[in-house]
$ cat run.txt   # compact mmCIF, C-alpha atoms
# COMPACT_ATOMS: atom_id res chain seq x y z
CA MET B 1484 -46.81 -49.98 -19.31
CA SER B 1485 -45.17 -53.21 -18.22
CA VAL B 1486 -41.61 -53.20 -16.97
CA THR B 1487 -39.13 -55.83 -18.11
CA ILE B 1488 -37.66 -57.64 -15.11
CA THR B 1489 -34.03 -58.40 -15.90
CA ALA B 1490 -31.77 -61.03 -14.38
CA ALA B 1491 -29.61 -58.24 -12.95
CA MET B 1492 -32.62 -56.77 -11.11
CA VAL B 1493 -33.49 -60.18 -9.65
CA LYS B 1494 -29.86 -60.74 -8.63
CA ASP B 1495 -29.73 -57.35 -6.92
CA LEU B 1496 -32.92 -58.05 -4.97
CA ARG B 1497 -31.70 -61.52 -3.94
CA GLU B 1498 -28.47 -60.05 -2.61
CA ARG B 1499 -30.39 -57.40 -0.67
CA THR B 1500 -32.96 -59.77 0.85
CA GLY B 1501 -31.73 -63.36 0.60
CA ALA B 1502 -35.13 -64.38 -0.81
CA GLY B 1503 -35.53 -67.03 -3.50
CA MET B 1504 -35.20 -66.24 -7.20
CA MET B 1505 -38.87 -66.73 -8.05
CA GLU B 1506 -39.96 -64.73 -4.99
CA CYS B 1507 -37.70 -61.87 -6.09
CA LYS B 1508 -39.02 -61.95 -9.65
CA THR B 1509 -42.61 -61.93 -8.40
CA ALA B 1510 -41.90 -59.08 -5.98
CA LEU B 1511 -40.38 -56.97 -8.75
CA SER B 1512 -43.25 -57.74 -11.11
CA GLU B 1513 -45.83 -56.84 -8.48
CA ASN B 1514 -44.10 -53.53 -7.81
CA GLY B 1515 -43.28 -52.33 -11.31
CA GLY B 1516 -39.59 -53.09 -10.98
CA ASP B 1517 -39.14 -50.72 -8.02
CA LEU B 1518 -36.42 -52.27 -5.86
CA GLU B 1519 -37.32 -50.58 -2.57
CA GLN B 1520 -41.01 -51.37 -2.92
CA ALA B 1521 -40.13 -54.96 -3.80
CA ILE B 1522 -38.04 -55.21 -0.62
CA ALA B 1523 -40.96 -53.91 1.44
CA TRP B 1524 -43.28 -56.39 -0.31
CA LEU B 1525 -40.97 -59.30 0.54
CA ARG B 1526 -40.63 -58.17 4.13
CA LYS B 1527 -44.40 -58.06 4.49
CA LYS B 1528 -44.53 -61.56 3.06
CA GLY B 1529 -41.81 -62.60 5.48
CA ALA B 1530 -43.78 -61.19 8.41
CA ALA B 1531 -46.78 -63.32 7.39
CA GLY B 1532 -44.55 -66.36 7.18
CA ALA B 1533 -43.08 -65.56 10.58
CA GLY B 1534 -46.55 -65.57 12.10
CA ARG B 1535 -47.18 -69.08 10.81
CA LYS B 1536 -43.83 -70.30 12.07
CA ALA B 1537 -43.95 -68.64 15.50
CA GLY B 1538 -45.53 -71.66 17.22
CA ARG B 1539 -42.89 -74.11 16.03
CA THR B 1540 -40.27 -75.37 18.47
CA ALA B 1541 -36.98 -73.47 18.27
CA ALA B 1542 -34.49 -75.19 20.58
CA GLU B 1543 -31.36 -75.05 18.42
CA GLY B 1544 -29.42 -71.87 17.82
CA VAL B 1545 -26.35 -69.97 18.88
CA VAL B 1546 -24.96 -68.24 21.96
CA CYS B 1547 -23.05 -65.06 21.16
CA THR B 1548 -20.60 -63.28 23.49
CA GLN B 1549 -19.10 -59.81 23.01
CA LEU B 1550 -17.04 -57.36 25.05
CA ALA B 1551 -16.93 -53.55 24.94
CA ASP B 1552 -15.18 -50.62 26.62
CA ASN B 1553 -11.85 -52.44 26.84
CA GLY B 1554 -13.43 -55.40 28.59
CA ARG B 1555 -15.39 -53.42 31.17
CA ARG B 1556 -18.77 -54.46 29.72
CA GLY B 1557 -19.94 -57.61 28.04
CA ILE B 1558 -22.99 -59.43 26.72
CA VAL B 1559 -24.02 -63.05 26.33
CA LEU B 1560 -27.06 -63.58 24.10
CA GLU B 1561 -28.98 -66.63 22.87
CA VAL B 1562 -30.88 -66.75 19.59
CA ASN B 1563 -32.89 -69.87 18.75
CA CYS B 1564 -33.86 -71.57 15.51
CA GLU B 1565 -35.38 -74.95 14.67
CA THR B 1566 -32.49 -76.94 13.18
CA ASP B 1567 -28.76 -77.33 13.68
CA PHE B 1568 -28.34 -76.68 9.94
CA VAL B 1569 -29.61 -73.10 10.29
CA ALA B 1570 -27.71 -72.69 13.58
CA ARG B 1571 -24.48 -73.13 11.61
CA ASP B 1572 -25.54 -70.69 8.86
CA GLU B 1573 -23.34 -67.60 8.65
CA THR B 1574 -26.30 -65.28 8.01
CA PHE B 1575 -28.04 -66.57 11.15
CA ARG B 1576 -24.87 -66.13 13.20
CA ALA B 1577 -24.35 -62.64 11.78
CA PHE B 1578 -27.88 -61.71 12.90
CA ALA B 1579 -27.09 -62.94 16.44
CA ALA B 1580 -23.85 -60.94 16.51
CA GLN B 1581 -25.64 -57.82 15.24
CA ALA B 1582 -28.39 -58.21 17.84
CA ALA B 1583 -25.78 -58.59 20.59
CA ALA B 1584 -23.89 -55.50 19.42
CA THR B 1585 -27.14 -53.51 19.32
CA ALA B 1586 -28.15 -54.59 22.82
CA LEU B 1587 -24.72 -53.73 24.19
CA ALA B 1588 -24.55 -50.35 22.44
CA HIS B 1589 -27.96 -49.26 23.73
CA GLU B 1590 -27.87 -51.11 27.08
CA ALA B 1591 -31.17 -52.86 26.32
CA ASP B 1592 -32.96 -54.22 29.38
CA SER B 1593 -35.28 -56.79 27.77
CA VAL B 1594 -35.82 -58.77 24.59
CA GLU B 1595 -38.83 -56.57 23.81
CA THR B 1596 -36.73 -53.41 24.12
CA LEU B 1597 -33.96 -54.92 21.99
CA SER B 1598 -36.40 -55.98 19.26
CA ALA B 1599 -37.57 -52.39 18.82
CA LEU B 1600 -34.07 -50.89 18.58
CA THR B 1601 -32.50 -49.85 15.27
CA VAL B 1602 -29.67 -52.24 14.48
CA VAL B 1603 -26.10 -51.02 14.85
CA ASP B 1604 -24.59 -50.07 11.46
CA GLY B 1605 -27.78 -51.02 9.64
CA ASP B 1606 -31.29 -50.04 8.64
CA GLY B 1607 -34.51 -51.05 10.34
CA THR B 1608 -35.05 -52.59 13.72
CA VAL B 1609 -33.79 -55.85 15.18
CA GLU B 1610 -37.33 -57.20 14.73
CA ASP B 1611 -37.24 -56.22 11.04
CA ALA B 1612 -33.98 -58.14 10.67
CA ARG B 1613 -35.48 -61.15 12.44
CA LEU B 1614 -38.50 -61.22 10.15
CA ALA B 1615 -36.28 -60.96 7.08
CA LEU B 1616 -34.22 -63.88 8.37
CA VAL B 1617 -37.36 -65.96 8.97
CA ALA B 1618 -38.38 -65.30 5.36
CA LYS B 1619 -34.95 -66.36 4.12
CA VAL B 1620 -34.35 -69.55 6.13
CA GLY B 1621 -37.95 -70.70 6.50
CA GLU B 1622 -37.66 -71.42 10.24
CA ASN B 1623 -38.92 -69.90 13.46
CA ILE B 1624 -36.23 -67.55 14.79
CA ARG B 1625 -36.46 -65.99 18.23
CA LEU B 1626 -34.35 -63.84 20.50
CA ARG B 1627 -34.56 -65.82 23.71
CA ARG B 1628 -32.49 -64.04 26.37
CA PHE B 1629 -29.39 -61.99 27.08
CA THR B 1630 -27.35 -60.68 30.00
CA ILE B 1631 -25.33 -57.47 29.90
CA MET B 1632 -22.63 -57.49 32.56
CA GLN B 1633 -20.80 -54.56 34.11
CA GLU B 1634 -19.38 -54.55 37.63
CA GLU B 1635 -17.53 -51.78 39.44
CA ASN B 1636 -13.78 -52.46 39.77
CA CYS B 1637 -14.10 -55.60 37.65
CA ALA B 1638 -13.02 -56.65 34.19
CA ILE B 1639 -15.37 -58.84 32.16
CA ALA B 1640 -13.87 -62.01 30.72
CA GLU B 1641 -15.64 -64.21 28.19
CA TYR B 1642 -15.39 -67.67 26.72
CA ASN B 1643 -17.42 -69.09 23.85
CA HIS B 1644 -17.44 -72.78 23.01
CA GLY B 1645 -18.37 -73.01 19.35
CA GLY B 1646 -21.50 -70.93 19.76
CA ARG B 1647 -23.05 -73.67 21.91
CA ILE B 1648 -21.98 -72.40 25.34
CA GLY B 1649 -21.16 -68.81 26.24
CA VAL B 1650 -19.83 -67.43 29.53
CA LEU B 1651 -19.21 -63.99 30.98
CA VAL B 1652 -17.45 -63.59 34.31
CA ALA B 1653 -16.76 -60.40 36.30
CA VAL B 1654 -13.21 -60.63 37.66
CA GLY B 1655 -11.62 -58.36 40.23
CA GLY B 1656 -7.94 -57.93 41.02
CA ASN B 1657 -5.59 -59.60 38.55
CA ALA B 1658 -7.84 -60.21 35.54
CA ASP B 1659 -5.22 -62.02 33.43
CA GLY B 1660 -6.66 -65.42 34.28
CA GLY B 1661 -10.27 -64.44 33.67
CA ARG B 1662 -10.60 -66.38 30.43
CA ASP B 1663 -9.44 -69.58 32.16
CA ILE B 1664 -12.10 -69.09 34.84
CA ALA B 1665 -14.73 -68.50 32.13
CA MET B 1666 -13.58 -71.69 30.39
CA HIS B 1667 -13.90 -73.58 33.68
CA ILE B 1668 -17.45 -72.29 34.15
CA ALA B 1669 -18.34 -73.41 30.61
CA ALA B 1670 -17.05 -76.92 31.32
CA SER B 1671 -18.24 -77.41 34.91
CA ALA B 1672 -21.54 -75.46 34.98
CA PRO B 1673 -21.56 -74.24 38.61
CA LEU B 1674 -24.86 -72.93 39.93
CA CYS B 1675 -23.31 -69.89 41.61
CA VAL B 1676 -20.05 -68.42 42.90
CA ALA B 1677 -20.08 -69.41 46.59
CA GLU B 1678 -22.07 -71.42 49.14
CA GLU B 1679 -23.87 -68.33 50.43
CA ASP B 1680 -25.18 -67.68 46.92
CA LEU B 1681 -27.03 -71.00 46.71
CA PRO B 1682 -30.81 -70.50 46.90
CA ALA B 1683 -32.14 -71.59 50.30
CA GLU B 1684 -34.82 -73.74 48.67
CA VAL B 1685 -32.18 -75.67 46.71
CA VAL B 1686 -30.16 -76.40 49.86
CA ALA B 1687 -33.30 -77.39 51.77
CA ARG B 1688 -34.42 -79.72 48.99
CA GLU B 1689 -31.06 -81.48 48.75
CA LYS B 1690 -30.77 -81.73 52.55
CA GLU B 1691 -34.18 -83.42 52.70
CA ILE B 1692 -33.24 -85.87 49.96
CA PHE B 1693 -29.93 -86.78 51.57
CA ALA B 1694 -31.58 -87.21 54.98
CA ALA B 1695 -34.15 -89.58 53.48
CA GLN B 1696 -31.44 -91.57 51.70
CA ALA B 1697 -29.41 -91.85 54.91
CA ALA B 1698 -32.47 -92.97 56.88
CA GLU B 1699 -33.07 -95.73 54.32
CA SER B 1700 -29.54 -97.04 54.83
CA GLY B 1701 -30.49 -98.58 58.18
CA LYS B 1702 -27.54 -96.95 59.92
CA PRO B 1703 -27.91 -95.62 63.50
CA PRO B 1704 -29.39 -92.07 63.56
CA HIS B 1705 -26.11 -90.34 64.48
CA ILE B 1706 -24.29 -92.10 61.62
CA ALA B 1707 -27.13 -91.37 59.19
CA GLU B 1708 -26.97 -87.70 60.16
CA LYS B 1709 -23.24 -87.59 59.40
CA MET B 1710 -23.82 -89.33 56.08
CA ALA B 1711 -26.46 -86.78 55.07
CA GLY B 1712 -24.19 -83.91 56.15
CA GLY B 1713 -21.30 -85.29 54.10
CA LYS B 1714 -23.46 -85.60 51.01
CA LEU B 1715 -24.71 -82.06 51.41
CA LYS B 1716 -21.17 -80.76 51.77
CA LYS B 1717 -20.18 -82.62 48.59
CA PHE B 1718 -23.19 -81.20 46.73
CA ILE B 1719 -22.23 -77.66 47.73
CA ALA B 1720 -18.63 -78.17 46.63
CA GLU B 1721 -19.65 -79.64 43.27
CA ASN B 1722 -22.14 -76.89 42.47
CA THR B 1723 -20.34 -73.73 43.58
CA LEU B 1724 -17.56 -72.21 41.53
CA LEU B 1725 -15.22 -71.77 44.50
CA GLY B 1726 -15.65 -75.38 45.62
CA GLN B 1727 -15.11 -77.09 42.28
CA PRO B 1728 -11.81 -78.70 41.20
CA PHE B 1729 -10.22 -76.42 38.60
CA VAL B 1730 -10.51 -78.01 35.15
CA LYS B 1731 -6.92 -77.14 34.17
CA ASP B 1732 -5.51 -78.40 37.48
CA PRO B 1733 -7.96 -80.79 39.22
CA GLY B 1734 -5.69 -81.04 42.23
CA ARG B 1735 -6.67 -77.51 43.23
CA ARG B 1736 -10.06 -75.95 43.87
CA VAL B 1737 -11.04 -72.80 41.97
CA ALA B 1738 -10.91 -70.92 45.29
CA ASP B 1739 -7.24 -71.91 45.62
CA VAL B 1740 -6.48 -70.76 42.07
CA LEU B 1741 -8.15 -67.39 42.62
CA ARG B 1742 -6.33 -66.85 45.90
CA ALA B 1743 -2.95 -67.72 44.41
CA ASP B 1744 -3.49 -65.47 41.39
CA LYS B 1745 -4.93 -62.61 43.47
CA MET B 1746 -8.27 -62.76 41.68
CA THR B 1747 -11.89 -62.51 42.80
CA VAL B 1748 -15.14 -63.37 41.02
CA ALA B 1749 -18.14 -61.11 41.56
CA ARG B 1750 -20.59 -63.02 39.38
CA PHE B 1751 -20.94 -64.92 36.13
CA ALA B 1752 -23.51 -65.81 33.48
CA ARG B 1753 -23.47 -69.11 31.60
CA TYR B 1754 -25.76 -69.81 28.64
CA GLN B 1755 -26.07 -73.12 26.83
CA VAL B 1756 -28.09 -73.41 23.64
CA GLY B 1757 -31.57 -74.77 24.27
CA GLU B 1758 -31.18 -75.44 27.99
CA GLY B 1759 -34.61 -75.79 29.57
CA LEU B 1760 -36.33 -76.05 26.19
CA GLU B 1761 -38.07 -79.12 24.84
CA LYS B 1762 -36.13 -80.44 21.86
CA ARG B 1763 -38.00 -81.19 18.68
CA ARG B 1764 -38.08 -84.88 17.74
CA ASP B 1765 -38.07 -85.28 13.99
CA ASP B 1766 -40.30 -87.99 12.54
CA PHE B 1767 -39.29 -87.90 8.89
CA VAL B 1768 -41.87 -90.50 7.81
CA ALA B 1769 -44.65 -88.44 9.37
CA ASP B 1770 -43.25 -85.28 7.78
CA VAL B 1771 -43.20 -86.87 4.33
CA MET B 1772 -46.74 -88.24 4.78
CA ALA B 1773 -47.98 -84.83 5.94
CA GLN B 1774 -46.32 -83.14 2.97
CA ALA B 1775 -47.85 -85.69 0.59
CA GLY B 1776 -51.28 -85.02 2.08
CA ARG B 1777 -50.96 -81.30 1.30
CA GLN B 1778 -50.14 -81.90 -2.36

$ encode --input "run.txt" --output "structure tokens"
Amino acid sequence: MSVTITAAMVKDLRERTGAGMMECKTALSENGGDLEQAIAWLRKKGAAGAGRKAGRTAAEGVVCTQLADNGRRGIVLEVNCETDFVARDETFRAFAAQAAATALAHEADSVETLSALTVVDGDGTVEDARLALVAKVGENIRLRRFTIMQEENCAIAEYNHGGRIGVLVAVGGNADGGRDIAMHIAASAPLCVAEEDLPAEVVAREKEIFAAQAAESGKPPHIAEKMAGGKLKKFIAENTLLGQPFVKDPGRRVADVLRADKMTVARFARYQVGEGLEKRRDDFVADVMAQAGRQ
């Protein structure tokens, strides 16, 4: 006995899954009008679509920041997609926020662990939610990375710049100015907190470069050595949080601001969407020609 698929049934399924109208109608028809079975059918279809999309470049996306336990813990998380259009989509951003909340609630230690967790205030796993989102938006979606921060005797401050840059910073002492420090880190992108935190290989590389540049100048060796030393000192100041001019008061270094406000910084995490990833270059003519060839 065939079941009549009504517009109300299709509307209900669309609201539950975000799938297209024809996909919802087909899913209901294939499953005798059973809503739950139709949802499972669509999710299976979405999983197949996700497999095809998994190799596509996803260098756009959003960085999400959240705090918990009255600012004693925090998370910064990056989720990638293929286009800026999807990156601005509220459903995509809601998925990122839900993934962040789930990771923070369960203290996940890896993307793989997070993917297998049941979402906070929801059904299914984070991976289930990702696959459903892939089916809805038609793009490769991936959880790229996250950092959960908690430091003894520190408050966690956060700053988020439009979902493009997210910062957490662990602040000791007077934490009132923590957000300003997080904002500075977002704007100035230091490599680490202090000179002693710079990786030895980075310092050695820069020292070698500056020495070679000074040698090429033709200056006497003792002058060239001073030139190289000055450049290295400048590099360290520009790339360590404590040595940088404070963005809200460039006449003072961050170290001076922290000292005056009785603050310390234990560590920070700064994420920027797509950093280190190869951006996709759209060739619309080629895309149209490829689409025409498939028709």

$ atom_distance --input "run.txt" --atom1 "atom CA of Ile1719 of chain B" --atom2 "atom CA of Ile1692 of chain B"
13.9 Å

$ atom_distance --input "run.txt" --atom1 "atom CA of Glu1678 of chain B" --atom2 "atom CA of Asp1592 of chain B"
28.4 Å

$ atom_distance --input "run.txt" --atom1 "atom CA of Gly1726 of chain B" --atom2 "atom CA of Ala1677 of chain B"
7.5 Å

$ residues_near_point --input "run.txt" --point "(-8.0, -70.8, 46.5)" --cutoff "12 Å" --atoms "all atoms listed in the file" --output "PDB file with C-alpha atoms, keeping the file's coordinate frame"
ATOM      1  CA  LEU B1724     -17.560 -72.210  41.530  1.00  0.00           C
ATOM      2  CA  LEU B1725     -15.220 -71.770  44.500  1.00  0.00           C
ATOM      3  CA  GLY B1726     -15.650 -75.380  45.620  1.00  0.00           C
ATOM      4  CA  GLN B1727     -15.110 -77.090  42.280  1.00  0.00           C
ATOM      5  CA  PRO B1728     -11.810 -78.700  41.200  1.00  0.00           C
ATOM      6  CA  PHE B1729     -10.220 -76.420  38.600  1.00  0.00           C
ATOM      7  CA  GLY B1734      -5.690 -81.040  42.230  1.00  0.00           C
ATOM      8  CA  ARG B1735      -6.670 -77.510  43.230  1.00  0.00           C
ATOM      9  CA  ARG B1736     -10.060 -75.950  43.870  1.00  0.00           C
ATOM     10  CA  VAL B1737     -11.040 -72.800  41.970  1.00  0.00           C
ATOM     11  CA  ALA B1738     -10.910 -70.920  45.290  1.00  0.00           C
ATOM     12  CA  ASP B1739      -7.240 -71.910  45.620  1.00  0.00           C
ATOM     13  CA  VAL B1740      -6.480 -70.760  42.070  1.00  0.00           C
ATOM     14  CA  LEU B1741      -8.150 -67.390  42.620  1.00  0.00           C
ATOM     15  CA  ARG B1742      -6.330 -66.850  45.900  1.00  0.00           C
ATOM     16  CA  ALA B1743      -2.950 -67.720  44.410  1.00  0.00           C
ATOM     17  CA  ASP B1744      -3.490 -65.470  41.390  1.00  0.00           C
ATOM     18  CA  LYS B1745      -4.930 -62.610  43.470  1.00  0.00           C
ATOM     19  CA  MET B1746      -8.270 -62.760  41.680  1.00  0.00           C
ATOM     20  CA  THR B1747     -11.890 -62.510  42.800  1.00  0.00           C
ATOM     21  CA  VAL B1748     -15.140 -63.370  41.020  1.00  0.00           C
TER      22      VAL B1748
END

$ residues_around --input "run.txt" --residues "Asp1606 of chain B" --least-positions-apart "4" --cutoff "12 Å" --atoms "only C-alpha atoms" --output "number ranges by chain"
B: 1499, 1581, 1585, 1600-1602, 1610-1612

$ closest_residue --input "run.txt" --among "B:Glu1684, B:Asp1495, B:Glu1708, B:Glu1622" --to "Glu1565 of chain B" --atoms "only C-alpha atoms"
B:Glu1622

$ closest_atom_pairs --input "run.txt" --of "segment 1600-1716 of chain B" --to "segment 1550-1561 of chain B" --cutoff "7 Å" --atoms "all atoms listed in the file" --output "tab-separated table"
residue	atom	partner	partner_atom	distance
B:Leu1626	CA	B:Glu1561	CA	6.5
B:Arg1627	CA	B:Glu1561	CA	5.7
B:Arg1628	CA	B:Glu1561	CA	5.6
B:Phe1629	CA	B:Leu1560	CA	4.1
B:Thr1630	CA	B:Val1559	CA	5.5
B:Ile1631	CA	B:Ile1558	CA	4.4
B:Met1632	CA	B:Gly1557	CA	5.3
B:Gln1633	CA	B:Arg1556	CA	4.8
B:Cys1637	CA	B:Arg1555	CA	7.0
B:Ala1638	CA	B:Arg1555	CA	5.0
B:Ile1639	CA	B:Gly1554	CA	5.3
B:Ala1640	CA	B:Gly1554	CA	7.0
B:Gly1649	CA	B:Val1559	CA	6.4
B:Val1650	CA	B:Val1559	CA	6.9
B:Leu1651	CA	B:Val1559	CA	6.8

$ residues_around --input "run.txt" --residues "Met1505 of chain B" --least-positions-apart "6" --cutoff "10 Å" --atoms "only C-alpha atoms" --output "MDAnalysis selection string"
chainID B and resid 1493 1497 1511

$ closest_residue --input "run.txt" --among "B:Lys1508, B:His1705, B:His1667, B:Arg1613" --to "Ile1522 of chain B" --atoms "only C-alpha atoms"
B:Lys1508

$ closest_residue --input "run.txt" --among "B:Leu1715, B:Val1730, B:Ala1665, B:Ala1586" --to "Ala1599 of chain B" --atoms "all atoms listed in the file"
B:Ala1586

$ closest_residue --input "run.txt" --among "B:Phe1718, B:Tyr1754, B:Trp1524, B:Tyr1642" --to "Glu1506 of chain B" --atoms "all atoms listed in the file"
B:Trp1524
